[in-house]
$ cat coords14.txt   # compact mmCIF, C-alpha atoms
# COMPACT_ATOMS: atom_id res chain seq x y z
CA MET L 1 30.27 38.60 36.62
CA HIS L 2 27.43 40.24 34.72
CA GLU L 3 25.84 41.37 37.98
CA PHE L 4 28.23 44.33 38.10
CA SER L 5 27.32 45.61 34.63
CA ILE L 6 23.65 45.19 35.39
CA ALA L 7 24.04 47.03 38.71
CA GLU L 8 25.76 49.89 36.86
CA ALA L 9 22.98 50.10 34.27
CA LEU L 10 20.37 49.95 37.02
CA ALA L 11 21.99 52.78 39.00
CA THR L 12 21.95 54.98 35.88
CA GLN L 13 18.26 54.27 35.36
CA VAL L 14 17.38 54.99 38.98
CA ILE L 15 19.32 58.26 39.11
CA LYS L 16 17.49 59.37 35.98
CA HIS L 17 14.17 59.03 37.82
CA ALA L 18 15.15 60.26 41.28
CA PRO L 19 13.99 63.82 42.00
CA GLU L 20 16.72 66.18 43.07
CA GLY L 21 17.37 66.11 46.79
CA ALA L 22 15.42 62.91 47.36
CA ARG L 23 17.13 60.10 49.22
CA VAL L 24 16.62 56.75 47.53
CA ARG L 25 15.97 54.15 50.21
CA GLU L 26 14.98 51.15 48.18
CA VAL L 27 15.04 49.97 44.58
CA GLU L 28 12.87 47.12 43.37
CA ILE L 29 13.64 45.03 40.30
CA ARG L 30 11.90 42.07 38.73
CA VAL L 31 14.29 39.38 37.52
CA GLY L 32 13.45 36.22 35.62
CA VAL L 33 15.23 33.13 36.84
CA MET L 34 16.67 32.61 33.32
CA ARG L 35 18.85 35.71 33.77
CA GLY L 36 21.03 33.81 36.21
CA LEU L 37 21.52 36.76 38.57
CA GLU L 38 22.94 35.70 41.91
CA PRO L 39 21.18 37.71 44.66
CA GLU L 40 24.35 37.87 46.78
CA ALA L 41 26.56 38.95 43.88
CA MET L 42 23.91 41.44 42.85
CA ALA L 43 23.69 42.92 46.37
CA MET L 44 27.48 43.19 46.55
CA SER L 45 27.63 44.83 43.11
CA TRP L 46 24.86 47.25 44.05
CA GLU L 47 26.73 48.29 47.18
CA ALA L 48 29.95 48.83 45.18
CA VAL L 49 28.26 50.71 42.34
CA THR L 50 26.24 53.01 44.59
CA ALA L 51 29.05 53.90 47.01
CA ASP L 52 29.68 57.66 47.09
CA SER L 53 26.63 58.25 44.91
CA PRO L 54 23.15 59.61 45.69
CA LEU L 55 22.04 55.96 45.92
CA GLU L 56 24.50 55.03 48.66
CA GLY L 57 22.91 52.91 51.36
CA SER L 58 19.82 52.04 49.31
CA ILE L 59 18.46 48.52 49.51
CA LEU L 60 18.05 46.51 46.32
CA ARG L 61 15.03 44.23 46.35
CA MET L 62 14.99 41.46 43.76
CA ASP L 63 11.65 39.95 42.91
CA ILE L 64 12.68 36.68 41.25
CA GLN L 65 10.21 35.42 38.66
CA PRO L 66 9.93 31.68 38.05
CA TRP L 67 9.92 30.02 34.66
CA ALA L 68 6.76 30.49 32.71
CA VAL L 69 5.96 27.53 30.52
CA SER L 70 3.34 27.25 27.83
CA CYS L 71 1.94 24.19 26.09
CA SER L 72 1.28 24.40 22.36
CA ALA L 73 -0.90 21.29 22.49
CA CYS L 74 -3.51 22.43 25.03
CA GLY L 75 -2.77 26.17 25.31
CA ARG L 76 -2.14 26.07 29.06
CA THR L 77 0.44 28.46 30.55
CA TRP L 78 1.89 27.97 34.01
CA THR L 79 4.85 28.91 36.19
CA SER L 80 7.41 26.46 37.41
CA ASN L 81 10.57 26.35 39.45
CA VAL L 82 12.29 24.28 36.79
CA PRO L 83 12.46 24.77 33.01
CA PHE L 84 11.76 21.12 32.25
CA ASN L 85 8.13 20.25 32.76
CA VAL L 86 5.72 17.79 31.21
CA CYS L 87 2.31 19.34 30.63
CA ALA L 88 -0.73 17.86 32.41
CA CYS L 89 -2.17 17.09 28.95
CA GLY L 90 0.70 14.71 28.28
CA ASN L 91 2.74 16.94 25.94
CA GLU L 92 6.36 16.32 26.85
CA SER L 93 7.73 19.42 25.09
CA PRO L 94 6.07 22.59 26.31
CA SER L 95 8.00 25.79 25.58
CA PRO L 96 9.47 28.39 27.93
CA ALA L 97 7.28 31.50 27.79
CA GLY L 98 8.85 33.70 30.46
CA GLY L 99 11.51 33.94 33.10
CA ASP L 100 13.79 36.36 31.23
CA GLU L 101 12.46 39.57 32.80
CA LEU L 102 14.89 42.26 33.92
CA ASP L 103 12.83 45.31 34.84
CA LEU L 104 13.13 48.27 37.17
CA ILE L 105 9.79 48.26 38.98
CA SER L 106 9.96 51.05 41.53
CA MET L 107 12.05 53.12 43.85
CA THR L 108 11.20 54.27 47.34
CA ILE L 109 12.40 57.75 48.13
CA GLU L 110 12.47 59.86 51.23
CA GLU L 111 12.07 63.58 50.82
CA ASP L 112 11.54 66.62 53.04
CA GLU L 113 9.17 68.45 50.73
CA PRO L 114 6.48 67.01 48.51
CA SER L 115 7.88 66.99 44.98
CA SER L 116 6.63 66.26 41.51
CA ALA L 117 7.55 62.59 41.96
CA GLY L 118 4.71 62.35 44.47
CA LYS L 119 2.20 62.74 41.63
CA ASP L 120 3.20 59.32 40.37
CA ASP L 121 2.57 57.75 43.74
CA GLN L 122 -0.06 55.06 43.69
CA MET F 123 10.09 71.84 60.08
CA THR F 124 8.83 69.52 57.41
CA GLN F 125 8.65 65.84 58.26
CA PRO F 126 10.50 63.56 55.83
CA ARG F 127 8.04 61.42 53.96
CA THR F 128 8.57 58.14 52.18
CA VAL F 129 7.13 57.68 48.73
CA ARG F 130 7.17 54.62 46.52
CA VAL F 131 7.56 55.71 42.89
CA PRO F 132 6.49 53.10 40.31
CA ILE F 133 8.75 53.12 37.25
CA SER F 134 8.45 49.95 35.16
CA GLU F 135 11.14 50.02 32.50
CA ARG F 136 13.91 47.73 31.32
CA VAL F 137 17.07 47.80 33.43
CA LEU F 138 19.21 47.58 30.29
CA GLU F 139 17.27 50.29 28.47
CA ILE F 140 20.38 52.30 27.53
CA ASN F 141 22.12 49.23 26.10
CA ASP F 142 18.96 48.20 24.28
CA ASP F 143 18.54 51.66 22.73
CA ILE F 144 22.09 51.61 21.34
CA ALA F 145 21.52 48.04 20.10
CA THR F 146 18.45 49.26 18.23
CA GLN F 147 20.56 51.95 16.55
CA ASN F 148 23.23 49.38 15.64
CA ARG F 149 20.55 47.10 14.19
CA ALA F 150 19.16 49.93 12.06
CA ARG F 151 22.64 50.59 10.66
CA PHE F 152 23.09 46.93 9.77
CA THR F 153 19.64 46.71 8.21
CA ASP F 154 20.09 49.89 6.16
CA ARG F 155 23.36 48.59 4.74
CA GLY F 156 22.18 45.03 4.21
CA ILE F 157 24.72 43.63 6.67
CA PHE F 158 23.85 40.29 8.29
CA ALA F 159 25.20 40.57 11.86
CA VAL F 160 25.73 37.42 13.89
CA ASP F 161 26.50 37.36 17.62
CA ILE F 162 28.54 34.24 18.43
CA ILE F 163 28.40 33.03 22.02
CA GLY F 164 30.20 30.04 23.51
CA ALA F 165 32.42 28.89 26.34
CA PRO F 166 36.19 29.49 26.32
CA GLY F 167 37.73 26.76 24.18
CA SER F 168 34.49 25.76 22.47
CA GLY F 169 35.97 26.72 19.10
CA LYS F 170 34.45 30.10 18.31
CA THR F 171 37.63 31.45 16.73
CA ALA F 172 38.44 28.15 14.98
CA ILE F 173 34.97 28.07 13.41
CA LEU F 174 35.39 31.68 12.30
CA GLU F 175 38.78 30.88 10.76
CA ALA F 176 37.19 28.09 8.71
CA THR F 177 34.29 30.38 7.80
CA LEU F 178 36.49 33.27 6.67
CA ARG F 179 38.64 30.90 4.59
CA ALA F 180 35.54 29.61 2.82
CA PHE F 181 34.11 33.11 2.29
CA ALA F 182 37.35 34.52 0.83
CA GLY F 183 36.58 36.14 -2.51
CA ARG F 184 32.81 35.56 -2.42
CA ARG F 185 31.55 37.43 0.64
CA LYS F 186 32.60 40.65 2.35
CA PRO F 187 33.02 39.67 5.99
CA ALA F 188 34.12 41.72 8.97
CA VAL F 189 34.78 40.54 12.51
CA LEU F 190 34.50 42.19 15.90
CA VAL F 191 36.09 40.01 18.55
CA GLY F 192 35.80 40.57 22.28
CA ASP F 193 38.26 39.35 24.88
CA LEU F 194 39.20 40.51 28.34
CA THR F 195 42.78 40.92 27.23
CA THR F 196 45.28 40.06 24.44
CA ARG F 197 44.91 40.45 20.69
CA ARG F 198 45.40 36.75 19.99
CA ASP F 199 42.00 36.03 18.48
CA GLY F 200 42.02 39.20 16.43
CA ASP F 201 45.48 38.36 15.08
CA ARG F 202 44.38 34.82 14.17
CA LEU F 203 41.35 36.10 12.26
CA ALA F 204 43.19 38.97 10.57
CA ARG F 205 45.06 36.38 8.49
CA TYR F 206 41.81 35.63 6.67
CA CYS F 207 39.98 38.92 6.77
CA ASP F 208 40.99 42.57 6.21
CA GLN F 209 38.43 43.98 8.57
CA VAL F 210 38.97 42.70 12.10
CA VAL F 211 38.63 44.78 15.25
CA GLN F 212 39.70 43.38 18.60
CA ILE F 213 37.64 44.79 21.46
CA SER F 214 39.34 44.59 24.85
CA THR F 215 36.68 44.39 27.51
CA GLY F 216 39.04 44.72 30.47
CA GLN F 217 37.10 43.20 33.33
CA GLY F 218 33.91 42.86 31.32
CA CYS F 219 32.68 39.31 30.80
CA HIS F 220 30.56 40.20 27.77
CA LEU F 221 30.24 42.73 24.96
CA GLU F 222 27.77 45.61 25.21
CA ALA F 223 26.03 47.52 22.44
CA GLY F 224 28.10 50.68 23.00
CA GLN F 225 31.33 48.76 22.42
CA ILE F 226 29.95 47.50 19.12
CA ARG F 227 28.92 51.03 18.08
CA ASP F 228 32.41 52.34 18.89
CA ALA F 229 34.16 49.48 17.08
CA LEU F 230 32.04 50.01 13.96
CA ALA F 231 33.79 53.35 13.51
CA GLN F 232 36.95 51.36 12.71
CA LEU F 233 35.29 49.38 9.91
CA ASP F 234 34.53 50.34 6.34
CA LEU F 235 30.90 49.27 6.46
CA ALA F 236 30.40 49.92 2.76
CA ALA F 237 32.70 46.95 2.17
CA VAL F 238 30.88 44.59 4.53
CA ASP F 239 27.92 42.29 3.91
CA ILE F 240 28.29 39.94 6.86
CA LEU F 241 29.49 40.87 10.35
CA PHE F 242 30.62 38.28 12.88
CA ILE F 243 30.69 39.40 16.49
CA GLU F 244 32.71 36.90 18.52
CA ASN F 245 31.60 37.51 22.08
CA VAL F 246 33.75 36.98 25.18
CA GLY F 247 34.02 33.27 26.01
CA ASN F 248 31.14 32.85 28.42
CA LEU F 249 27.81 31.03 28.23
CA ILE F 250 25.92 33.25 30.65
CA CYS F 251 26.74 36.96 30.73
CA PRO F 252 26.67 37.80 26.99
CA VAL F 253 23.18 36.44 26.44
CA GLY F 254 21.24 39.28 28.08
CA PHE F 255 23.01 42.12 26.26
CA ASP F 256 21.47 42.91 22.89
CA LEU F 257 24.16 44.11 20.46
CA GLY F 258 21.93 44.79 17.46
CA GLN F 259 22.61 41.44 15.81
CA ALA F 260 20.20 39.78 13.39
CA ALA F 261 20.94 36.35 14.82
CA LYS F 262 22.42 34.85 17.93
CA VAL F 263 24.44 31.66 17.49
CA GLY F 264 25.32 29.49 20.48
CA ILE F 265 28.34 27.20 20.25
CA PHE F 266 28.72 24.09 22.37
CA SER F 267 31.38 21.42 21.88
CA THR F 268 31.43 17.69 22.57
CA THR F 269 34.34 18.00 25.01
CA GLU F 270 32.20 20.18 27.30
CA GLY F 271 29.75 17.32 27.89
CA ASP F 272 26.16 16.72 26.78
CA ASP F 273 24.62 18.34 29.86
CA LYS F 274 25.53 21.93 29.02
CA PRO F 275 22.31 23.10 27.30
CA GLY F 276 20.25 22.37 30.41
CA LYS F 277 22.76 24.23 32.55
CA HIS F 278 22.71 27.28 30.31
CA PRO F 279 19.03 27.64 29.48
CA TYR F 280 19.08 31.36 28.67
CA LEU F 281 21.48 30.92 25.75
CA VAL F 282 19.60 27.91 24.40
CA ASN F 283 16.30 29.73 24.70
CA GLU F 284 17.57 32.85 22.94
CA ALA F 285 19.66 31.23 20.20
CA ASP F 286 18.62 31.28 16.54
CA LEU F 287 21.09 28.48 15.78
CA LEU F 288 23.17 26.11 17.87
CA LEU F 289 26.45 24.69 16.65
CA LEU F 290 27.86 21.54 18.21
CA ASN F 291 31.60 21.69 17.53
CA LYS F 292 34.27 18.97 17.78
CA ILE F 293 32.02 16.17 16.55
CA ASP F 294 35.21 14.44 15.36
CA LEU F 295 36.07 13.90 19.05
CA MET F 296 32.70 12.32 19.89
CA PRO F 297 34.12 8.74 20.02
CA TYR F 298 36.72 9.76 22.59
CA VAL F 299 34.62 11.73 25.04
CA SER F 300 31.55 11.03 27.14
CA PHE F 301 28.91 12.71 25.02
CA ASP F 302 25.45 11.41 24.15
CA ARG F 303 24.03 13.48 21.31
CA SER F 304 20.45 12.40 22.06
CA ASN F 305 20.76 13.72 25.64
CA PHE F 306 22.15 16.98 24.28
CA GLU F 307 19.34 17.39 21.76
CA ALA F 308 16.63 16.42 24.24
CA ASP F 309 17.84 19.15 26.63
CA VAL F 310 17.83 21.70 23.80
CA ARG F 311 14.34 20.74 22.60
CA LEU F 312 12.79 21.34 26.02
CA LEU F 313 14.08 24.90 25.98
CA ASN F 314 13.86 25.77 22.32
CA PRO F 315 11.78 23.36 20.25
CA ALA F 316 12.51 25.08 16.93
CA VAL F 317 16.21 25.99 17.01
CA PRO F 318 18.32 24.22 14.35
CA ILE F 319 21.29 22.24 15.67
CA LEU F 320 24.27 21.74 13.36
CA GLY F 321 27.10 19.38 14.25
CA LEU F 322 30.49 20.28 12.83
CA SER F 323 34.23 20.08 13.27
CA ALA F 324 36.29 23.18 12.68
CA THR F 325 39.36 20.92 12.51
CA THR F 326 38.24 18.35 9.91
CA GLY F 327 35.78 20.63 8.12
CA GLU F 328 32.91 18.18 8.55
CA GLY F 329 29.58 20.05 8.71
CA ILE F 330 31.09 23.41 7.80
CA ASP F 331 29.16 23.52 4.51
CA GLU F 332 25.82 23.38 6.34
CA TRP F 333 26.91 26.24 8.60
CA LEU F 334 27.95 28.27 5.54
CA ALA F 335 24.61 27.51 3.89
CA TRP F 336 22.80 28.73 7.01
CA LEU F 337 24.80 31.97 6.88
CA GLU F 338 24.07 32.39 3.17
CA ARG F 339 20.35 32.12 3.90
CA GLY F 340 20.67 34.80 6.57
CA THR F 341 18.74 37.95 5.91
CA VAL F 342 18.87 41.22 7.77
$ encode --input "coords14.txt" --output "structure tokens"
Amino acid sequence: MHEFSIAEALATQVIKHAPEGARVREVEIRVGVMRGLEPEAMAMSWEAVTADSPLEGSILRMDIQPWAVSCSACGRTWTSNVPFNVCACGNESPSPAGGDELDLISMTIEEDEPSSAGKDDQ
Amino acid sequence: MTQPRTVRVPISERVLEINDDIATQNRARFTDRGIFAVDIIGAPGSGKTAILEATLRAFAGRRKPAVLVGDLTTRRDGDRLARYCDQVVQISTGQGCHLEAGQIRDALAQLDLAAVDILFIENVGNLICPVGFDLGQAAKVGIFSTTEGDDKPGKHPYLVNEADLLLLNKIDLMPYVSFDRSNFEADVRLLNPAVPILGLSATTGEGIDEWLAWLERGTV
């Protein structure tokens, strides 16, 4: 179950960014479908990994990215829910161009005092 | 009293950044020493260890191989390979279903790298989890076998997409199992149009020479 290892790595990354005293409410990751991360297993792993830590109780939001496919014949790139796609131009062998993302996108924190993290707020 | 306020902090970095950083350090060590490092990924029973046994036998006296082999438990694979190679380190992953870059870094301390020119990393038997963890290898080799069925590449797209070479083992058993090589190759081509596919049998030795030739061409 690679979800557990990934949850551990993610928790380390989040703690690195969390300002002291801030309560992390939500963590957002972007995951390509190719990674094969099960949302339920990931949520369970996140709960286990964050128990008794500053991240306890935080919600993990997974933004699942579909396959990105590109066609070498006509240059078109598109997203798809399946890896196997025939291009509209007739090319039967377009190549996968994305869907392997595994990125920490953001965290949502709650804090009593404005802190330096607020400067990064968009 | 200050009111609690909620702030969304954009971050945008790789989740496996720590692993990837160690993998980059491992890769630099291999490159500096001219060691060709190969990460071998396949299902339990696909023949990873058997192929390595045949490879080490053939390389005896002409290459300087070392092997890191990962398993949840037991030293069985390490013991099998140690008959053909002086430098074998068994990595016990405990509950881990894959190897991580830090485990490779730690295991390297047990090898005499000056006496190595090719490093085989036999990953834990698993077609899914090991693929996303960079170890610092120069090449990733995926192993499938005819007894697993011809539909496996499509079911494990990440490995097929990431692999630099695919081995199809147990081709000697093709007449006895339900396996259509054209279905297998068609599935692979949709995911990775360029990856070479070599059929072989670790038992009969058929195809092993082409695998060895591929390794000999390997550059760091």
$ closest_residue --input "coords14.txt" --among "F:Asn305, F:Asn314, F:Asn245, F:Thr153" --to "Thr171 (chain F)" --atoms "only C-alpha atoms"
F:Asn245
$ residues_around --input "coords14.txt" --residues "region 257-262 of chain F" --least-positions-apart "4" --cutoff "10 Å" --atoms "only C-alpha atoms" --output "VMD selection string"
chain F and resid 141 to 153 157 to 163 221 to 227 241 to 243 252 to 253 281 to 282 284 to 288 337 340 to 342
$ closest_residue --input "coords14.txt" --among "F:Asp239, F:Asp309, F:Asp273, F:Glu175" --to "chain L" --atoms "all atoms listed in the file"
F:Asp309
$ closest_residue --input "coords14.txt" --among "F:Cys219, F:Val310, F:Ile265, F:Ala165" --to "chain L" --atoms "all atoms listed in the file"
F:Cys219
$ closest_residue --input "coords14.txt" --among "F:Gln232, F:Thr195, F:Thr177, F:Asn283" --to "chain L" --atoms "only C-alpha atoms"
F:Asn283
$ residues_around --input "coords14.txt" --residues "Cys87 (chain L)" --least-positions-apart "6" --cutoff "8 Å" --atoms "all atoms listed in the file" --output "list in words"
Cys71, Ser93 and Pro94 of chain L
$ residues_near_point --input "coords14.txt" --point "(4.0, 26.8, 31.2)" --cutoff "8 Å" --atoms "all atoms listed in the file" --output "PyMOL selection string"
chain L and resi 67-71+76-80+85+87+94-97
$ interface_residues --input "coords14.txt" --of "chain L" --to "chain F" --cutoff "6 Å" --atoms "only C-alpha atoms" --output "NGL selection string"
:L and (2 or 10 or 34 or 93 or 102-112 or 121)
$ atom_distance --input "coords14.txt" --atom1 "CA of Asp294 (chain F)" --atom2 "CA of Glu307 (chain F)"
17.4 Å
$ atom_distance --input "coords14.txt" --atom1 "CA of Cys74 (chain L)" --atom2 "CA of Gly32 (chain L)"
24.3 Å
$ residues_around --input "coords14.txt" --residues "Ala204 (chain F)" --least-positions-apart "2" --cutoff "12 Å" --atoms "only C-alpha atoms" --output "MDAnalysis selection string"
chainID F and resid 171 174:175 178:179 187:191 197:202 206:212
$ residues_around --input "coords14.txt" --residues "region 64-66 of chain L" --least-positions-apart "6" --cutoff "9 Å" --atoms "all atoms listed in the file" --output "PDB file with C-alpha atoms, in the frame of the given file"
ATOM      1  CA  ILE L  29      13.640  45.030  40.300  1.00  0.00           C
ATOM      2  CA  ARG L  30      11.900  42.070  38.730  1.00  0.00           C
ATOM      3  CA  VAL L  31      14.290  39.380  37.520  1.00  0.00           C
ATOM      4  CA  GLY L  32      13.450  36.220  35.620  1.00  0.00           C
ATOM      5  CA  VAL L  33      15.230  33.130  36.840  1.00  0.00           C
ATOM      6  CA  MET L  34      16.670  32.610  33.320  1.00  0.00           C
ATOM      7  CA  THR L  79       4.850  28.910  36.190  1.00  0.00           C
ATOM      8  CA  SER L  80       7.410  26.460  37.410  1.00  0.00           C
ATOM      9  CA  ASN L  81      10.570  26.350  39.450  1.00  0.00           C
ATOM     10  CA  VAL L  82      12.290  24.280  36.790  1.00  0.00           C
ATOM     11  CA  PRO L  83      12.460  24.770  33.010  1.00  0.00           C
ATOM     12  CA  GLY L  98       8.850  33.700  30.460  1.00  0.00           C
ATOM     13  CA  GLY L  99      11.510  33.940  33.100  1.00  0.00           C
ATOM     14  CA  ASP L 100      13.790  36.360  31.230  1.00  0.00           C
ATOM     15  CA  GLU L 101      12.460  39.570  32.800  1.00  0.00           C
TER      16      GLU L 101
END
$ atom_distance --input "coords14.txt" --atom1 "CA of Leu233 (chain F)" --atom2 "CA of Thr215 (chain F)"
18.3 Å
$ residues_around --input "coords14.txt" --residues "Ile15 (chain L)" --least-positions-apart "5" --cutoff "10 Å" --atoms "only C-alpha atoms" --output "PyMOL selection string"
chain L and resi 10+20+24+53-55
$ write_last_selection --input "coords14.txt" --atoms "C-alpha atoms" --output "PDB file, in the coordinates of the input"
ATOM      1  CA  LEU L  10      20.370  49.950  37.020  1.00  0.00           C
ATOM      2  CA  GLU L  20      16.720  66.180  43.070  1.00  0.00           C
ATOM      3  CA  VAL L  24      16.620  56.750  47.530  1.00  0.00           C
ATOM      4  CA  SER L  53      26.630  58.250  44.910  1.00  0.00           C
ATOM      5  CA  PRO L  54      23.150  59.610  45.690  1.00  0.00           C
ATOM      6  CA  LEU L  55      22.040  55.960  45.920  1.00  0.00           C
TER       7      LEU L  55
END
$ build_atoms --input "coords14.txt" --residues "region 180-197 of chain F" --atoms "N, CA and C atoms" --output "short mmCIF file (atom, residue, chain, number, x, y, z; two decimals), keeping the file's coordinate frame"
data_model
loop_
_atom_site.label_atom_id
_atom_site.label_comp_id
_atom_site.auth_asym_id
_atom_site.auth_seq_id
_atom_site.Cartn_x
_atom_site.Cartn_y
_atom_site.Cartn_z
N ALA F 180 36.51 30.02 3.85
CA ALA F 180 35.54 29.61 2.82
C ALA F 180 34.90 30.81 2.13
N PHE F 181 34.76 31.92 2.85
CA PHE F 181 34.11 33.11 2.29
C PHE F 181 35.05 33.99 1.48
N ALA F 182 36.37 33.67 1.51
CA ALA F 182 37.35 34.52 0.83
C ALA F 182 36.98 34.66 -0.64
N GLY F 183 36.85 35.90 -1.10
CA GLY F 183 36.58 36.14 -2.51
C GLY F 183 35.12 36.14 -2.88
N ARG F 184 34.22 35.57 -2.03
CA ARG F 184 32.81 35.56 -2.42
C ARG F 184 31.87 36.30 -1.47
N ARG F 185 32.34 36.58 -0.25
CA ARG F 185 31.55 37.43 0.64
C ARG F 185 32.45 38.53 1.17
N LYS F 186 31.83 39.54 1.80
CA LYS F 186 32.60 40.65 2.35
C LYS F 186 32.44 40.67 3.87
N PRO F 187 33.19 39.78 4.55
CA PRO F 187 33.02 39.67 5.99
C PRO F 187 33.83 40.70 6.78
N ALA F 188 33.36 40.97 7.99
CA ALA F 188 34.12 41.72 8.97
C ALA F 188 33.90 41.03 10.31
N VAL F 189 34.87 41.21 11.22
CA VAL F 189 34.78 40.54 12.51
C VAL F 189 35.06 41.53 13.63
N LEU F 190 34.21 41.52 14.64
CA LEU F 190 34.50 42.19 15.90
C LEU F 190 34.71 41.07 16.91
N VAL F 191 35.83 41.10 17.61
CA VAL F 191 36.09 40.01 18.55
C VAL F 191 36.41 40.57 19.92
N GLY F 192 35.66 40.07 20.92
CA GLY F 192 35.80 40.57 22.28
C GLY F 192 36.58 39.61 23.15
N ASP F 193 37.53 40.14 23.89
CA ASP F 193 38.26 39.35 24.88
C ASP F 193 38.62 40.27 26.03
N LEU F 194 38.82 39.69 27.20
CA LEU F 194 39.20 40.51 28.34
C LEU F 194 40.55 41.18 28.07
N THR F 195 41.46 40.38 27.50
CA THR F 195 42.78 40.92 27.23
C THR F 195 43.42 40.11 26.10
N THR F 196 44.49 40.58 25.57
CA THR F 196 45.28 40.06 24.44
C THR F 196 44.58 40.31 23.10
N ARG F 197 45.40 40.27 22.05
CA ARG F 197 44.91 40.45 20.69
C ARG F 197 44.97 39.13 19.93
#
